[in-house]
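> Sending over coords-v3.txt (compact mmCIF, C-alpha atoms).
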```txt
# COMPACT_ATOMS: atom_id res chain seq x y z
CA MET S 9 -33.70 0.32 -14.46
CA ALA S 10 -34.07 3.41 -16.69
CA THR S 11 -32.60 3.23 -20.17
CA ALA S 12 -30.60 6.23 -21.35
CA VAL S 13 -31.72 7.61 -24.69
CA PHE S 14 -28.88 8.48 -27.04
CA GLU S 15 -29.30 11.86 -28.69
CA PRO S 16 -26.88 12.70 -31.51
CA ARG S 17 -24.58 15.67 -30.92
CA GLU S 18 -26.11 17.46 -33.91
CA SER S 19 -29.63 17.17 -32.48
CA ARG S 20 -28.55 18.37 -29.05
CA LEU S 21 -26.69 21.40 -30.36
CA ASP S 22 -29.22 22.35 -33.06
CA ARG S 23 -31.64 23.62 -30.44
CA TYR S 24 -29.05 26.18 -29.35
CA PHE S 25 -27.11 26.90 -32.53
CA PHE S 26 -29.89 27.82 -34.94
CA PRO S 27 -31.85 30.13 -32.59
CA GLY S 28 -28.51 31.71 -31.63
CA PHE S 29 -27.64 32.16 -35.30
CA ALA S 30 -30.98 33.91 -35.88
CA LEU S 31 -30.42 36.20 -32.88
CA LEU S 32 -26.98 37.10 -34.22
CA MET S 33 -28.62 38.09 -37.49
CA LEU S 34 -31.13 40.24 -35.61
CA ALA S 35 -28.27 41.99 -33.79
CA THR S 36 -26.54 42.55 -37.14
CA VAL S 37 -29.64 44.13 -38.65
CA PHE S 38 -30.33 46.24 -35.56
CA LEU S 39 -26.78 47.64 -35.52
CA GLY S 40 -26.98 48.55 -39.19
CA PHE S 41 -30.40 50.18 -39.13
CA ALA S 42 -30.64 51.39 -35.52
CA ARG S 43 -30.21 55.09 -36.20
CA SER S 44 -32.12 55.31 -39.46
CA TYR S 45 -34.99 52.94 -38.68
CA PHE S 46 -35.37 51.12 -35.35
CA LEU S 47 -34.42 53.94 -32.98
CA ALA S 48 -36.11 56.45 -35.27
CA GLY S 49 -39.51 54.92 -34.53
CA MET S 50 -39.71 52.44 -37.43
CA PHE S 51 -42.94 53.59 -39.12
CA LYS S 52 -42.20 57.11 -37.88
CA ALA S 53 -38.69 56.97 -39.32
CA PRO S 54 -37.95 59.61 -41.98
CA LEU S 55 -37.76 57.20 -44.91
CA PRO S 56 -38.24 58.40 -48.52
CA ASN S 57 -41.76 56.97 -49.01
CA TRP S 58 -44.31 54.34 -48.02
CA LEU S 59 -42.71 51.70 -50.25
CA ILE S 60 -39.47 51.82 -48.28
CA HIS S 61 -41.49 51.59 -45.06
CA LEU S 62 -43.19 48.41 -46.32
CA HIS S 63 -39.84 47.06 -47.43
CA GLY S 64 -38.35 47.65 -43.98
CA ALA S 65 -41.34 46.11 -42.21
CA ALA S 66 -41.30 42.98 -44.37
CA PHE S 67 -37.59 42.37 -43.98
CA THR S 68 -37.75 42.95 -40.22
CA SER S 69 -40.65 40.50 -40.03
CA TRP S 70 -38.51 37.88 -41.79
CA ILE S 71 -35.78 38.10 -39.14
CA LEU S 72 -38.35 37.89 -36.33
CA LEU S 73 -40.00 34.93 -38.04
CA LEU S 74 -36.61 33.23 -38.37
CA ILE S 75 -36.09 33.56 -34.62
CA THR S 76 -39.60 32.22 -33.99
CA GLN S 77 -39.18 29.27 -36.33
CA THR S 78 -35.80 28.17 -34.99
CA SER S 79 -37.12 28.53 -31.43
CA LEU S 80 -40.17 26.40 -32.22
CA VAL S 81 -37.98 23.60 -33.52
CA ALA S 82 -35.77 23.87 -30.43
CA ALA S 83 -38.92 23.55 -28.29
CA ASN S 84 -40.06 20.48 -30.29
CA ARG S 85 -43.07 22.33 -31.69
CA VAL S 86 -42.42 21.20 -35.25
CA ASP S 87 -46.18 21.13 -35.94
CA VAL S 88 -46.47 24.89 -35.41
CA HIS S 89 -43.18 25.43 -37.26
CA ARG S 90 -44.59 23.71 -40.36
CA LYS S 91 -47.77 25.78 -40.32
CA LEU S 92 -45.79 28.99 -40.01
CA GLY S 93 -43.54 27.76 -42.82
CA LEU S 94 -46.30 28.47 -45.34
CA VAL S 95 -46.58 32.00 -43.95
CA GLY S 96 -42.82 32.32 -44.21
CA PHE S 97 -42.77 31.25 -47.85
CA GLY S 98 -45.47 33.80 -48.65
CA LEU S 99 -43.52 36.49 -46.80
CA ALA S 100 -40.36 35.58 -48.72
CA CYS S 101 -42.20 35.97 -52.04
CA LEU S 102 -43.48 39.38 -50.88
CA MET S 103 -39.96 40.36 -49.85
CA VAL S 104 -38.57 39.61 -53.30
CA ILE S 105 -41.27 41.79 -54.86
CA LEU S 106 -40.82 44.62 -52.34
CA GLY S 107 -37.03 44.35 -52.54
CA THR S 108 -37.11 44.72 -56.31
CA LEU S 109 -39.55 47.63 -56.14
CA ALA S 110 -37.55 49.36 -53.41
CA ALA S 111 -34.34 48.94 -55.41
CA THR S 112 -35.99 50.46 -58.47
CA ASP S 113 -37.36 53.32 -56.39
CA SER S 114 -33.84 54.00 -55.11
CA LEU S 115 -32.63 54.00 -58.71
CA ARG S 116 -35.38 56.49 -59.56
CA ARG S 117 -34.00 58.74 -56.82
CA ALA S 118 -30.46 58.12 -58.14
CA PHE S 119 -29.39 56.58 -54.83
CA GLY S 120 -25.97 54.92 -54.94
CA ALA S 121 -23.47 53.58 -52.44
CA LYS S 122 -22.05 56.34 -50.25
CA GLY S 123 -18.79 56.60 -48.39
CA SER S 124 -15.30 57.95 -48.92
CA ALA S 125 -14.05 54.70 -50.48
CA ALA S 126 -17.31 53.12 -51.59
CA GLU S 127 -18.82 55.59 -54.03
CA MET S 128 -20.80 53.74 -56.67
CA ASN S 129 -22.90 55.01 -59.55
CA ALA S 130 -26.63 54.50 -58.89
CA LYS S 131 -27.01 52.41 -62.05
CA THR S 132 -24.15 50.14 -61.03
CA PHE S 133 -25.45 49.98 -57.46
CA TYR S 134 -28.84 48.83 -58.76
CA ILE S 135 -27.42 45.38 -59.45
CA LEU S 136 -26.63 44.81 -55.76
CA PRO S 137 -30.19 44.65 -54.34
CA LEU S 138 -31.47 42.84 -57.44
CA THR S 139 -28.89 40.08 -57.11
CA ASP S 140 -29.54 39.94 -53.36
CA MET S 141 -33.17 39.17 -54.25
CA LEU S 142 -31.99 36.59 -56.79
CA ILE S 143 -29.87 34.78 -54.18
CA PHE S 144 -32.49 35.03 -51.46
CA GLY S 145 -35.41 34.00 -53.66
CA THR S 146 -33.58 31.06 -55.22
CA LEU S 147 -32.38 29.61 -51.92
CA VAL S 148 -35.72 30.10 -50.15
CA PHE S 149 -37.50 28.35 -53.02
CA LEU S 150 -35.07 25.43 -52.75
CA ALA S 151 -35.52 25.41 -48.97
CA PHE S 152 -39.28 25.18 -49.43
CA ARG S 153 -38.82 22.21 -51.76
CA ALA S 154 -36.45 20.60 -49.22
CA ARG S 155 -38.78 21.12 -46.23
CA SER S 156 -38.98 17.35 -45.71
CA ASN S 157 -35.18 17.30 -45.34
CA PRO S 158 -34.56 19.36 -42.17
CA PRO S 159 -30.72 19.51 -42.32
CA ALA S 160 -30.82 20.85 -45.90
CA HIS S 161 -33.85 23.07 -45.28
CA LYS S 162 -32.46 24.96 -42.33
CA ARG S 163 -29.05 25.50 -43.94
CA LEU S 164 -30.65 26.88 -47.10
CA ILE S 165 -32.71 29.31 -45.03
CA LEU S 166 -29.66 30.55 -43.14
CA VAL S 167 -27.56 31.06 -46.27
CA ALA S 168 -30.51 32.77 -47.98
CA THR S 169 -30.84 35.17 -45.05
CA THR S 170 -27.09 35.80 -45.11
CA ALA S 171 -27.62 37.38 -48.53
CA LEU S 172 -29.76 40.03 -46.82
CA MET S 173 -27.10 40.93 -44.25
CA LEU S 174 -24.98 43.05 -46.59
CA ALA S 175 -27.37 46.01 -46.48
CA ALA S 176 -27.15 46.05 -42.68
CA VAL S 177 -23.40 45.42 -42.38
CA ALA S 178 -22.62 48.15 -44.94
CA ARG S 179 -24.33 50.61 -42.57
CA TRP S 180 -22.42 49.59 -39.43
CA PRO S 181 -20.86 52.69 -37.82
CA ILE S 182 -17.41 51.14 -38.04
CA ALA S 183 -14.50 52.85 -39.80
CA PHE S 184 -13.26 49.65 -41.44
CA ILE S 185 -16.66 49.22 -43.10
CA GLN S 186 -17.31 52.86 -43.94
CA HIS S 187 -13.85 53.66 -45.34
CA HIS S 188 -13.31 50.59 -47.50
CA PRO S 189 -14.92 49.34 -50.71
CA LEU S 190 -17.89 47.00 -50.79
CA TRP S 191 -15.74 43.89 -50.30
CA ALA S 192 -15.12 44.84 -46.65
CA ALA S 193 -18.82 44.60 -45.79
CA GLU S 194 -19.19 41.43 -47.88
CA LEU S 195 -16.25 39.87 -46.05
CA CYS S 196 -17.98 40.51 -42.73
CA THR S 197 -21.16 38.78 -43.93
CA TYR S 198 -19.10 35.73 -44.90
CA GLY S 199 -18.57 35.29 -41.17
CA PHE S 200 -22.07 33.79 -41.07
CA LEU S 201 -21.05 31.23 -43.69
CA ALA S 202 -17.84 30.45 -41.81
CA LEU S 203 -19.83 29.96 -38.60
CA LEU S 204 -22.17 27.51 -40.33
CA LEU S 205 -19.22 25.67 -41.87
CA ALA S 206 -17.51 25.35 -38.48
CA TYR S 207 -20.74 24.06 -36.94
CA ASP S 208 -21.02 21.40 -39.65
CA VAL S 209 -17.48 20.19 -39.05
CA TYR S 210 -17.97 20.10 -35.29
CA THR S 211 -21.31 18.28 -35.33
CA ILE S 212 -21.16 15.95 -38.33
CA GLY S 213 -17.43 15.77 -38.98
CA LYS S 214 -17.63 17.37 -42.43
CA VAL S 215 -19.16 20.33 -44.24
CA HIS S 216 -22.74 19.60 -45.26
CA ARG S 217 -23.10 19.59 -49.05
CA VAL S 218 -25.87 22.21 -48.88
CA THR S 219 -23.58 24.53 -46.91
CA ILE S 220 -20.94 24.11 -49.62
CA TRP S 221 -22.98 24.73 -52.74
CA ALA S 222 -25.36 27.34 -51.27
CA SER S 223 -22.42 29.36 -49.92
CA ALA S 224 -20.56 28.97 -53.22
CA PHE S 225 -23.64 30.22 -55.09
CA LEU S 226 -23.91 33.29 -52.84
CA ILE S 227 -20.22 34.15 -53.11
CA ALA S 228 -20.06 33.55 -56.88
CA VAL S 229 -23.00 35.87 -57.57
CA GLN S 230 -21.53 38.56 -55.33
CA ARG S 231 -18.14 38.32 -57.01
CA VAL S 232 -19.43 38.78 -60.55
CA ARG S 233 -22.19 41.31 -60.00
CA VAL S 234 -20.17 44.53 -59.69
CA PRO S 235 -18.15 43.92 -62.89
CA LEU S 236 -21.46 43.09 -64.61
CA GLY S 237 -23.05 46.20 -63.14
CA GLU S 238 -20.34 48.35 -64.71
CA THR S 239 -21.01 47.15 -68.25
CA ALA S 240 -22.76 49.24 -70.89
CA ALA S 241 -25.44 46.58 -71.26
CA TRP S 242 -26.35 46.76 -67.58
CA HIS S 243 -26.36 50.56 -67.60
CA ALA S 244 -28.70 50.48 -70.57
CA PHE S 245 -31.07 48.19 -68.67
CA ALA S 246 -30.81 50.34 -65.53
CA THR S 247 -31.53 53.48 -67.57
CA TRP S 248 -34.67 51.85 -68.94
CA ALA S 249 -35.78 50.83 -65.44
CA GLN S 250 -35.03 54.30 -64.08
CA ASN S 251 -36.99 56.05 -66.81
CA LEU S 252 -39.92 53.66 -66.37
CA ALA S 253 -39.97 54.24 -62.62
CA ARG S 254 -39.87 58.02 -63.08
CA THR S 255 -42.68 57.84 -65.60
CA ILE S 256 -44.88 55.77 -63.28
CA HIS S 257 -44.05 57.99 -60.30
CA GLY S 258 -45.00 61.02 -62.32
```
Now that the file is in, can you turn its structure into structure tokens?

Amino acid sequence: MATAVFEPRESRLDRYFFPGFALLMLATVFLGFARSYFLAGMFKAPLPNWLIHLHGAAFTSWILLLITQTSLVAANRVDVHRKLGLVGFGLACLMVILGTLAATDSLRRAFGAKGSAAEMNAKTFYILPLTDMLIFGTLVFLAFRARSNPPAHKRLILVATTALMLAAVARWPIAFIQHHPLWAAELCTYGFLALLLAYDVYTIGKVHRVTIWASAFLIAVQRVRVPLGETAAWHAFATWAQNLARTIHG
């Protein structure tokens, strides 16, 4: 007589939830950058310079890699997943560098937040992508250290990637997003955190501790960064970075 093998609810649902989560992030990014990047031919898109092209390519590659990695785990190909994990960590390091350079290049061009209710000085705006890189880089590093702890590892990766969603959501062609301050777009990105929280409660009966503190870290940084970006000290730093970038650019 065959013996039934018990598979925990979490294990059974993981193979669907995490790839689905990654696909939802891809849809979010596509909606935000469809007109300016994806449907404009990507490398043929009229972006300011080659640095922004590299930035876009690297960040798109991260989302595609996330889908690949979650799908590999769902297919029980953990061996391939682990090998690609080293590639992913290298890509994440490159993204932090490119993200910082792209943010500084935007500052050089005096690019700020646009929109009828979301105007923001370029020097204040500069703190947004830099803190996004801080959140993303910190959580990916911790995820790499926790790679032998799959439940913690995968939650850290998802929260880290959530930090990247703001740039896409802020570009959604939706009136509520376009005609309200930054908090409206941030609130939409918190939907990813809420989805992960609900999944934790449903599968393990409580919110995983990594979901709690990683989400709290993301939200705390986002809540303090704009007031910090409006200070004289930050503007002095941004002015130095802007002048340096303009000097290098020639």
> Hey, which of S:Thr169, S:His216, S:Gln230, S:Leu115 ends up closest to Ala193 of chain S? Count all atoms listed in the file.
S:Gln230
> Using only C-alpha atoms, find the one residue out of S:Phe119, S:Phe184, S:Phe133, S:Phe144 that sits nearest to Val104 of chain S.
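Using only C-alpha atoms, Val104 of chain S sits closest to S:Phe144.
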> Separation of atom CA of Phe38 of chain S and atom CA of Gly237 of chain S, in Å?
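So the answer is 28.5 Å.
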> I need the residue nearest Leu39 of chain S from this list: S:Ala244, S:Val177, S:Val88, S:Ala222. Use all atoms listed in the file for the distance.
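Selected residue with least distance to Leu39 of chain S: S:Val177.
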> At a cut-off of 8 Å, using only C-alpha atoms, what residues contact segment 26-31 of chain S? Leave out same-chain residues fewer than 4 positions from it and give the result as JSON, numbers by chain.
{"S": [22, 35, 71, 74, 75, 78, 79, 82]}
